[in-house]
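Visitor: Below is the file upload_21.pdb, which contains PDB, C-alpha atoms.
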```pdb
ATOM      1  CA  MET A   1      -6.457  15.750  21.728  1.00  0.00           C
ATOM      2  CA  MET A   2      -9.970  15.029  20.426  1.00  0.00           C
ATOM      3  CA  ALA A   3     -11.413  17.946  22.328  1.00  0.00           C
ATOM      4  CA  ALA A   4      -9.341  20.524  20.443  1.00  0.00           C
ATOM      5  CA  ILE A   5     -11.852  21.184  17.646  1.00  0.00           C
ATOM      6  CA  GLY A   6     -14.887  20.280  19.755  1.00  0.00           C
ATOM      7  CA  GLU A   7     -13.905  22.551  22.678  1.00  0.00           C
ATOM      8  CA  LYS A   8     -13.064  25.485  20.411  1.00  0.00           C
ATOM      9  CA  LEU A   9     -16.393  24.964  18.646  1.00  0.00           C
ATOM     10  CA  GLY A  10     -18.278  24.991  21.957  1.00  0.00           C
ATOM     11  CA  LYS A  11     -16.599  28.232  23.091  1.00  0.00           C
ATOM     12  CA  ASP A  12     -17.239  29.885  19.723  1.00  0.00           C
ATOM     13  CA  ILE A  13     -20.926  28.886  19.847  1.00  0.00           C
ATOM     14  CA  VAL A  14     -21.266  30.595  23.254  1.00  0.00           C
ATOM     15  CA  THR A  15     -19.467  33.684  21.913  1.00  0.00           C
ATOM     16  CA  ALA A  16     -21.759  33.803  18.857  1.00  0.00           C
ATOM     17  CA  MET A  17     -24.840  33.417  21.080  1.00  0.00           C
ATOM     18  CA  LYS A  18     -23.756  36.315  23.300  1.00  0.00           C
ATOM     19  CA  ALA A  19     -23.012  38.473  20.245  1.00  0.00           C
ATOM     20  CA  ARG A  20     -26.359  37.475  18.682  1.00  0.00           C
ATOM     21  CA  GLU A  21     -24.607  36.449  15.433  1.00  0.00           C
ATOM     22  CA  GLN A  22     -27.330  34.219  14.017  1.00  0.00           C
ATOM     23  CA  GLU A  23     -25.583  33.128  10.786  1.00  0.00           C
ATOM     24  CA  THR A  24     -22.365  32.214  12.617  1.00  0.00           C
ATOM     25  CA  LEU A  25     -24.317  30.368  15.288  1.00  0.00           C
ATOM     26  CA  THR A  26     -26.291  28.340  12.732  1.00  0.00           C
ATOM     27  CA  THR A  27     -23.123  27.285  10.886  1.00  0.00           C
ATOM     28  CA  LEU A  28     -21.215  26.380  14.055  1.00  0.00           C
ATOM     29  CA  ARG A  29     -24.137  24.348  15.389  1.00  0.00           C
ATOM     30  CA  MET A  30     -24.347  22.524  12.064  1.00  0.00           C
ATOM     31  CA  VAL A  31     -20.633  21.630  12.272  1.00  0.00           C
ATOM     32  CA  LYS A  32     -21.001  20.532  15.891  1.00  0.00           C
ATOM     33  CA  SER A  33     -23.978  18.314  15.086  1.00  0.00           C
ATOM     34  CA  ALA A  34     -22.136  16.723  12.131  1.00  0.00           C
ATOM     35  CA  LEU A  35     -19.245  15.861  14.466  1.00  0.00           C
ATOM     36  CA  LYS A  36     -21.631  14.613  17.171  1.00  0.00           C
ATOM     37  CA  ASN A  37     -23.570  12.426  14.702  1.00  0.00           C
ATOM     38  CA  LYS A  38     -20.365  10.801  13.488  1.00  0.00           C
ATOM     39  CA  GLU A  39     -19.292  10.222  17.091  1.00  0.00           C
ATOM     40  CA  ILE A  40     -22.650   8.566  17.844  1.00  0.00           C
ATOM     41  CA  ASP A  41     -22.355   6.368  14.736  1.00  0.00           C
ATOM     42  CA  LYS A  42     -18.843   5.349  15.768  1.00  0.00           C
ATOM     43  CA  ARG A  43     -19.803   4.887  19.452  1.00  0.00           C
ATOM     44  CA  GLU A  44     -16.525   6.411  20.668  1.00  0.00           C
ATOM     45  CA  PRO A  45     -14.825   9.842  20.593  1.00  0.00           C
ATOM     46  CA  LEU A  46     -13.506  10.999  17.237  1.00  0.00           C
ATOM     47  CA  THR A  47      -9.794  11.402  16.586  1.00  0.00           C
ATOM     48  CA  ASP A  48      -8.425  14.716  15.281  1.00  0.00           C
ATOM     49  CA  ALA A  49      -7.955  13.137  11.844  1.00  0.00           C
ATOM     50  CA  GLU A  50     -11.599  12.008  11.769  1.00  0.00           C
ATOM     51  CA  GLU A  51     -12.810  15.467  12.798  1.00  0.00           C
ATOM     52  CA  GLN A  52     -10.695  17.064  10.072  1.00  0.00           C
ATOM     53  CA  SER A  53     -12.014  14.556   7.554  1.00  0.00           C
ATOM     54  CA  ILE A  54     -15.615  15.524   8.404  1.00  0.00           C
ATOM     55  CA  LEU A  55     -14.775  19.231   8.102  1.00  0.00           C
ATOM     56  CA  THR A  56     -13.017  18.598   4.775  1.00  0.00           C
ATOM     57  CA  THR A  57     -16.162  16.882   3.472  1.00  0.00           C
ATOM     58  CA  MET A  58     -18.287  19.814   4.646  1.00  0.00           C
ATOM     59  CA  LEU A  59     -15.967  22.280   2.879  1.00  0.00           C
ATOM     60  CA  LYS A  60     -16.128  20.246  -0.317  1.00  0.00           C
ATOM     61  CA  GLN A  61     -19.955  20.232  -0.168  1.00  0.00           C
ATOM     62  CA  ARG A  62     -19.986  24.025   0.280  1.00  0.00           C
ATOM     63  CA  ARG A  63     -17.656  24.550  -2.699  1.00  0.00           C
ATOM     64  CA  GLU A  64     -19.858  22.346  -4.902  1.00  0.00           C
ATOM     65  CA  SER A  65     -22.942  24.264  -3.727  1.00  0.00           C
ATOM     66  CA  ILE A  66     -21.305  27.590  -4.616  1.00  0.00           C
ATOM     67  CA  GLU A  67     -20.658  26.269  -8.122  1.00  0.00           C
ATOM     68  CA  GLN A  68     -24.295  25.160  -8.476  1.00  0.00           C
ATOM     69  CA  PHE A  69     -25.726  28.398  -7.057  1.00  0.00           C
ATOM     70  CA  THR A  70     -23.482  30.491  -9.296  1.00  0.00           C
ATOM     71  CA  LYS A  71     -24.601  28.516 -12.378  1.00  0.00           C
ATOM     72  CA  GLY A  72     -28.214  28.809 -11.243  1.00  0.00           C
ATOM     73  CA  GLY A  73     -28.001  32.578 -10.870  1.00  0.00           C
ATOM     74  CA  ARG A  74     -28.372  32.637  -7.077  1.00  0.00           C
ATOM     75  CA  PRO A  75     -25.404  34.789  -5.942  1.00  0.00           C
ATOM     76  CA  GLU A  76     -26.949  35.431  -2.490  1.00  0.00           C
ATOM     77  CA  LEU A  77     -26.972  31.681  -1.728  1.00  0.00           C
ATOM     78  CA  ALA A  78     -23.419  31.316  -3.092  1.00  0.00           C
ATOM     79  CA  ALA A  79     -22.307  34.166  -0.794  1.00  0.00           C
ATOM     80  CA  LYS A  80     -23.926  32.431   2.218  1.00  0.00           C
ATOM     81  CA  GLU A  81     -22.010  29.212   1.413  1.00  0.00           C
ATOM     82  CA  GLN A  82     -18.786  31.237   1.068  1.00  0.00           C
ATOM     83  CA  VAL A  83     -19.277  32.657   4.582  1.00  0.00           C
ATOM     84  CA  GLU A  84     -19.809  29.107   5.898  1.00  0.00           C
ATOM     85  CA  ILE A  85     -16.559  27.990   4.213  1.00  0.00           C
ATOM     86  CA  GLY A  86     -14.700  30.785   6.033  1.00  0.00           C
ATOM     87  CA  LEU A  87     -16.164  29.732   9.386  1.00  0.00           C
ATOM     88  CA  ILE A  88     -15.439  26.016   8.890  1.00  0.00           C
ATOM     89  CA  GLU A  89     -11.886  26.640   7.617  1.00  0.00           C
ATOM     90  CA  ALA A  90     -11.060  28.378  10.904  1.00  0.00           C
ATOM     91  CA  TYR A  91     -11.093  24.915  12.544  1.00  0.00           C
ATOM     92  CA  MET A  92      -8.818  23.287   9.974  1.00  0.00           C
ATOM     93  CA  PRO A  93      -5.016  23.183  10.051  1.00  0.00           C
ATOM     94  CA  LYS A  94      -3.384  25.769   7.821  1.00  0.00           C
ATOM     95  CA  ALA A  95      -3.516  24.876   4.137  1.00  0.00           C
ATOM     96  CA  ALA A  96      -0.129  24.206   2.572  1.00  0.00           C
ATOM     97  CA  SER A  97       1.039  26.767   0.016  1.00  0.00           C
ATOM     98  CA  GLU A  98       1.434  25.706  -3.603  1.00  0.00           C
ATOM     99  CA  ASP A  99       5.241  25.970  -3.319  1.00  0.00           C
ATOM    100  CA  ASP A 100       5.244  23.695  -0.246  1.00  0.00           C
ATOM    101  CA  LEU A 101       3.058  21.219  -2.120  1.00  0.00           C
ATOM    102  CA  ARG A 102       5.378  21.270  -5.142  1.00  0.00           C
ATOM    103  CA  ALA A 103       8.318  20.386  -2.881  1.00  0.00           C
ATOM    104  CA  LEU A 104       6.349  17.564  -1.219  1.00  0.00           C
ATOM    105  CA  VAL A 105       5.206  16.202  -4.608  1.00  0.00           C
ATOM    106  CA  ALA A 106       8.792  16.302  -5.919  1.00  0.00           C
ATOM    107  CA  ALA A 107       9.929  14.421  -2.801  1.00  0.00           C
ATOM    108  CA  ALA A 108       7.173  11.849  -3.356  1.00  0.00           C
ATOM    109  CA  VAL A 109       8.294  11.348  -6.976  1.00  0.00           C
ATOM    110  CA  GLU A 110      11.891  10.845  -5.745  1.00  0.00           C
ATOM    111  CA  GLN A 111      10.660   8.324  -3.169  1.00  0.00           C
ATOM    112  CA  VAL A 112       8.729   6.322  -5.777  1.00  0.00           C
ATOM    113  CA  THR A 113      11.740   6.540  -8.136  1.00  0.00           C
ATOM    114  CA  ALA A 114      13.934   5.040  -5.390  1.00  0.00           C
ATOM    115  CA  GLU A 115      11.351   2.303  -4.711  1.00  0.00           C
ATOM    116  CA  ASN A 116      11.252   1.461  -8.440  1.00  0.00           C
ATOM    117  CA  GLY A 117      15.005   0.881  -8.472  1.00  0.00           C
ATOM    118  CA  GLY A 118      15.842   4.301  -9.916  1.00  0.00           C
ATOM    119  CA  THR A 119      13.242   4.317 -12.714  1.00  0.00           C
ATOM    120  CA  LYS A 120      11.342   7.596 -12.774  1.00  0.00           C
ATOM    121  CA  PRO A 121       7.590   6.937 -12.531  1.00  0.00           C
ATOM    122  CA  GLY A 122       5.423   7.736 -15.536  1.00  0.00           C
ATOM    123  CA  PRO A 123       1.745   8.684 -15.770  1.00  0.00           C
ATOM    124  CA  LYS A 124       0.794   5.023 -15.170  1.00  0.00           C
ATOM    125  CA  GLU A 125       2.267   5.212 -11.641  1.00  0.00           C
ATOM    126  CA  MET A 126       0.209   8.280 -10.739  1.00  0.00           C
ATOM    127  CA  GLY A 127      -1.654   6.331  -8.029  1.00  0.00           C
ATOM    128  CA  SER A 128       1.480   5.313  -6.153  1.00  0.00           C
ATOM    129  CA  VAL A 129       2.933   8.843  -6.449  1.00  0.00           C
ATOM    130  CA  MET A 130      -0.373  10.352  -5.192  1.00  0.00           C
ATOM    131  CA  LYS A 131      -0.348   7.951  -2.223  1.00  0.00           C
ATOM    132  CA  ALA A 132       3.247   8.925  -1.369  1.00  0.00           C
ATOM    133  CA  ALA A 133       2.459  12.644  -1.806  1.00  0.00           C
ATOM    134  CA  GLN A 134      -0.646  12.439   0.419  1.00  0.00           C
ATOM    135  CA  ALA A 135       1.400  10.634   3.091  1.00  0.00           C
ATOM    136  CA  LYS A 136       4.078  13.352   2.978  1.00  0.00           C
ATOM    137  CA  ILE A 137       1.418  16.106   3.202  1.00  0.00           C
ATOM    138  CA  ALA A 138      -0.263  14.392   6.161  1.00  0.00           C
ATOM    139  CA  ALA A 139       3.107  13.949   7.872  1.00  0.00           C
ATOM    140  CA  SER A 140       3.847  17.669   7.436  1.00  0.00           C
ATOM    141  CA  GLY A 141       0.678  18.437   9.414  1.00  0.00           C
ATOM    142  CA  ALA A 142      -0.718  20.655   6.668  1.00  0.00           C
ATOM    143  CA  ARG A 143      -3.763  20.085   4.548  1.00  0.00           C
ATOM    144  CA  ALA A 144      -4.133  20.328   0.803  1.00  0.00           C
ATOM    145  CA  ASP A 145      -6.828  20.276  -1.828  1.00  0.00           C
ATOM    146  CA  GLY A 146      -6.740  16.859  -3.502  1.00  0.00           C
ATOM    147  CA  LYS A 147      -7.450  18.360  -6.922  1.00  0.00           C
ATOM    148  CA  LEU A 148      -4.417  20.671  -6.664  1.00  0.00           C
ATOM    149  CA  VAL A 149      -2.171  17.819  -5.464  1.00  0.00           C
ATOM    150  CA  SER A 150      -3.378  15.707  -8.388  1.00  0.00           C
ATOM    151  CA  GLU A 151      -2.551  18.499 -10.887  1.00  0.00           C
ATOM    152  CA  LEU A 152       0.915  18.982  -9.368  1.00  0.00           C
ATOM    153  CA  VAL A 153       1.624  15.219  -9.522  1.00  0.00           C
ATOM    154  CA  LYS A 154       0.496  15.122 -13.187  1.00  0.00           C
ATOM    155  CA  ALA A 155       2.769  18.062 -14.006  1.00  0.00           C
ATOM    156  CA  GLU A 156       5.698  16.466 -12.168  1.00  0.00           C
ATOM    157  CA  LEU A 157       5.212  13.118 -13.950  1.00  0.00           C
ATOM    158  CA  ALA A 158       4.923  14.852 -17.330  1.00  0.00           C
ATOM    159  CA  LYS A 159       8.433  16.306 -16.835  1.00  0.00           C
ATOM    160  CA  SER A 160      10.045  12.865 -17.230  1.00  0.00           C
TER     161      SER A 160
END
```
Written as structure tokens, how would this file's structure read?
Guide:
Amino acid sequence: MMAAIGEKLGKDIVTAMKAREQETLTTLRMVKSALKNKEIDKREPLTDAEEQSILTTMLKQRRESIEQFTKGGRPELAAKEQVEIGLIEAYMPKAASEDDLRALVAAAVEQVTAENGGTKPGPKEMGSVMKAAQAKIAASGARADGKLVSELVKAELAKS
């Protein structure tokens, strides 16, 4: 299934070239080269999870850049990064809604509670609850912002 993101990317690059959409083309080529470089480093085709991981890193970099450009008074550069985020996100699985995440985090807390012999985890067990929550999110096939998941786990643990 490796070719899913790569093939879609290739088709979209051709479409952007035909439409003479220079900004889109530049961003898509940058994504494609990041994937290709990782594949070369690894010396074998990337898995879907690895491709998504690379895209997630690229999205995170863009969000940090927007923050820096906004602080530095460069709104035009921040807007450019925002457009790139939109283009890159098109290749990612749908982000889970906050309500879905809350349910998954609650399920993770229940799982850790069961593993601890019925003792509800406290803030000290945040790591094990985060691990369980991330596993549940990955299993659901959705993606989630780690910062948001962390906040939801903290809130859930504070309820005890």
Visitor: Considering all atoms listed in the file, state which residue in the set A:Pro93, A:Lys120, A:Pro75, A:Ala114 is at the smallest distance from Ser53 of chain A.
Guide: A:Pro93
Visitor: I'd like the residues picked by the PyMOL selection byres ((chain A and resi 28-39) around 9) written out as a ChimeraX atom specification, using the chain letters and numbers from the file.
Guide: /A:6,9-10,12-13,16,23-27,40-46,50-51,54-55,58,84,87-88
Visitor: I'd like to know which of A:Thr113, A:Ser97, A:Asp145, A:Lys131 is closest to Arg63 of chain A, using only C-alpha atoms.
Guide: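 Under the stated criterion, the closest residue is A:Asp145.
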Visitor: For the provided coordinates, the residues matched by the PyMOL selection byres ((chain A and resi 104) around 10) should be stated as a list of chain:residue names.
Guide: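 So the PyMOL selection byres ((chain A and resi 104) around 10) ends up selecting A:Glu98, A:Asp99, A:Asp100, A:Leu101, A:Arg102, A:Ala103, A:Val105, A:Ala106, A:Ala107, A:Ala108, A:Val109, A:Glu110, A:Ala132, A:Ala133, A:Gln134, A:Ala135, A:Lys136, A:Ile137, A:Ser140, A:Val149, A:Leu152, A:Val153.
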Visitor: Using C-alpha atoms, can you export the residues from the last selection as a PDB file, in the frame of the given file?
Guide:
```pdb
ATOM      1  CA  GLU A  98       1.434  25.706  -3.603  1.00  0.00           C
ATOM      2  CA  ASP A  99       5.241  25.970  -3.319  1.00  0.00           C
ATOM      3  CA  ASP A 100       5.244  23.695  -0.246  1.00  0.00           C
ATOM      4  CA  LEU A 101       3.058  21.219  -2.120  1.00  0.00           C
ATOM      5  CA  ARG A 102       5.378  21.270  -5.142  1.00  0.00           C
ATOM      6  CA  ALA A 103       8.318  20.386  -2.881  1.00  0.00           C
ATOM      7  CA  VAL A 105       5.206  16.202  -4.608  1.00  0.00           C
ATOM      8  CA  ALA A 106       8.792  16.302  -5.919  1.00  0.00           C
ATOM      9  CA  ALA A 107       9.929  14.421  -2.801  1.00  0.00           C
ATOM     10  CA  ALA A 108       7.173  11.849  -3.356  1.00  0.00           C
ATOM     11  CA  VAL A 109       8.294  11.348  -6.976  1.00  0.00           C
ATOM     12  CA  GLU A 110      11.891  10.845  -5.745  1.00  0.00           C
ATOM     13  CA  ALA A 132       3.247   8.925  -1.369  1.00  0.00           C
ATOM     14  CA  ALA A 133       2.459  12.644  -1.806  1.00  0.00           C
ATOM     15  CA  GLN A 134      -0.646  12.439   0.419  1.00  0.00           C
ATOM     16  CA  ALA A 135       1.400  10.634   3.091  1.00  0.00           C
ATOM     17  CA  LYS A 136       4.078  13.352   2.978  1.00  0.00           C
ATOM     18  CA  ILE A 137       1.418  16.106   3.202  1.00  0.00           C
ATOM     19  CA  SER A 140       3.847  17.669   7.436  1.00  0.00           C
ATOM     20  CA  VAL A 149      -2.171  17.819  -5.464  1.00  0.00           C
ATOM     21  CA  LEU A 152       0.915  18.982  -9.368  1.00  0.00           C
ATOM     22  CA  VAL A 153       1.624  15.219  -9.522  1.00  0.00           C
TER      23      VAL A 153
END
```
Visitor: With only C-alpha atoms as the basis for distance, which of A:Thr15, A:Arg74, A:Leu157, A:Gln68 is at the shortest distance from Lys124 of chain A?
Guide: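 Among the listed residues, the smallest separation from Lys124 of chain A belongs to A:Leu157.
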Visitor: Please report the interatomic distance between atom CA of Arg143 of chain A and atom CA of Glu81 of chain A in Å with one decimal.
Guide: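 According to the coordinates, atom CA of Arg143 of chain A and atom CA of Glu81 of chain A are separated by 20.6 Å.
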Visitor: Between atom CA of Glu7 of chain A and atom CA of Ala90 of chain A, what distance in Å does the model show, to one decimal?
Guide: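 Result for atom CA of Glu7 of chain A versus atom CA of Ala90 of chain A: 13.4 Å, one decimal.
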Visitor: Have a look at atom CA of Gly86 of chain A and atom CA of Thr57 of chain A and let me know their distance in Å, one decimal.
Guide: 14.2 Å
Visitor: So for segment 106-122 of chain A, what box centre and size do we get, axis-aligned, 3 Å extra on each of the six sides, every listed atom, Å to one decimal, as AutoDock Vina command-line options?
Guide:
```
--center_x 10.6 --center_y 8.6 --center_z -9.2 --size_x 16.4 --size_y 21.4 --size_z 18.7
```
Visitor: Using only C-alpha atoms for the distances, tell me which of A:Ala78, A:Val129, A:Lys147, A:Ile85 is nearest to Leu59 of chain A.
Guide: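 Residue with the minimum atom-to-atom distance to Leu59 of chain A: A:Ile85.
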